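Visitor: Next up is a structure, given as structure tokens.
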Amino acid sequence: MSAITAQDINKLRQATGAGMMDCRKALTETNGDFEGAIDWLRKQGQKVAAKRSDREAKEGVIIAKTSADQKTGFVVCIACETDFVSKNAEFVAFAQSIAEAAVANNVKSVEELNAVSINGTTVADMINDKLAAIGEKISVAKFERVDAPYVASYIHGANRMGVLVALTAEAAELGKDLAMQIAAMNPVAVDADSVPAETVARERAIIIDTMKEDPKMAGKPEEMIAKIAEGKIAAFFKEQTLLAQSFVKDGSKTVGEHVKSVGDIKVTEFKRVALG
């Protein structure tokens, strides 16, 4: 049996992120075979993953980044089970490296991201290695991408939320203001026209059902109830769509009015990803 040196253990630890004792055991089990030891650790990770498949990974790290030309934005959420892990600097750096790989490889889906290679190891295998080292359920839980003439990115609350805002022209300060608005107010869409029809239908149904259960509305004609419902839907659009909301930094105007004051720029899309 070949001797296992501290240098061998450290090399394996650097390659996999596994703990010192796990690396020592992996090298011992594989008689010093470096590649075999990596495979051994990944198998341990698969065993841990199987055991923890029913666990909820509600904590994690969210990274929002844009390409160098700021025409494409990415949000990546690397989930874990506890805030102890999510606040660890090494885990944050791990999530950062995966987000950087998403940007560098211009990925379009979680599947593409998991297949990306970083220093000869796929993201999927890196996650499995990290899972084996930490013992928690870890995954690329969320992925969003936005393409536009200009994309602003924003990370809120110590990597607990990421926002992307797509604009028709470059406007860095406006992009940041809008991203902060979206983070704080959580709108459902850019404007009333972009609210999904199913969302409007669900909201209308809830409003009508609630009114019908109200004793004060007993005996009221359907036409009156429908008219009141449409008024409430209009209020919903005002509260829940970005451009109609009051601008957080200046409540005397709406977000839409603020955008117009900046110039001939339109907001075409946004993505808001939060933990939980």
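Residues are named by chain letter and number: chains run A, B, ... in the order of the structure tokens, numbers start at 1 in each chain, and ligands are numbered from 1 in the order shown.
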Within 7 Å of range 150-167 of chain A, counting only C-alpha atoms, which residues qualify if same-chain residues fewer than 4 places away don't, as a list in words?

Guide: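 My list of contacting residues is Val61, Ile62, Ile63, Ala64, Lys65, Thr66, Gln70, Lys71, Thr72, Gly73, Val75, Val146, Ala172, Gly175, Lys176, Ala179, Ala183, Ile265, Lys266, Val267, Thr268, Glu269, Phe270, Lys271, Arg272, Val273, Ala274 and Leu275 of chain A.
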
Visitor: Within 10 Å of range 98-113 of chain A, counting only C-alpha atoms, which residues show up once you throw out same-chain ones fewer than 3 positions away? Write them as a ChimeraX atom specification, please.

Guide: /A:62-68,72-78,93-95,116-118,122-124,126-127,140-146

Visitor: Could you save the residues just selected, with C-alpha atoms, as a short mmCIF file (atom, residue, chain, number, x, y, z; two decimals), in the first residue's frame?

Guide:
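selection_6.cif, written as the output of this step:
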```
data_model
loop_
_atom_site.label_atom_id
_atom_site.label_comp_id
_atom_site.auth_asym_id
_atom_site.auth_seq_id
_atom_site.Cartn_x
_atom_site.Cartn_y
_atom_site.Cartn_z
CA ILE A 62 -28.10 33.82 -4.68
CA ILE A 63 -25.74 35.47 -7.15
CA ALA A 64 -26.88 37.96 -9.83
CA LYS A 65 -24.37 38.84 -12.54
CA THR A 66 -24.27 40.30 -16.03
CA SER A 67 -22.06 39.67 -19.03
CA ALA A 68 -19.23 42.13 -19.69
CA THR A 72 -27.27 39.38 -20.62
CA GLY A 73 -28.03 38.82 -16.97
CA PHE A 74 -27.99 35.65 -14.89
CA VAL A 75 -29.35 34.75 -11.46
CA VAL A 76 -28.14 31.52 -9.88
CA CYS A 77 -29.34 30.11 -6.56
CA ILE A 78 -27.18 27.44 -4.95
CA ALA A 93 -17.22 31.65 -3.06
CA PHE A 94 -18.36 28.25 -4.35
CA ALA A 95 -21.69 29.74 -5.47
CA VAL A 116 -20.37 23.16 -17.59
CA SER A 117 -16.78 22.25 -16.72
CA ILE A 118 -14.77 24.30 -14.20
CA THR A 122 -18.51 19.61 -14.17
CA VAL A 123 -20.71 21.77 -11.98
CA ALA A 124 -22.84 18.70 -11.21
CA MET A 126 -18.59 19.92 -7.98
CA ILE A 127 -21.96 20.05 -6.23
CA VAL A 140 -28.65 24.59 -8.39
CA ALA A 141 -32.16 25.34 -7.16
CA LYS A 142 -33.02 28.32 -9.36
CA PHE A 143 -31.71 29.79 -12.58
CA GLU A 144 -32.93 32.82 -14.52
CA ARG A 145 -31.59 34.58 -17.57
CA VAL A 146 -32.50 37.92 -19.19
#
```

Visitor: Among range 164-272 of chain A, which residues carry a DSSP assignment of alpha helix (DSSP H), reported as a VMD selection string?

Guide: chain A and resid 172 to 185 197 to 213 222 to 240 255 to 262

Visitor: Quick one, how far is CA of Gln96 in chain A from CA of Gly60 in chain A?

Guide: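 We find that CA of Gln96 in chain A and CA of Gly60 in chain A lie 11.8 Å from each other.
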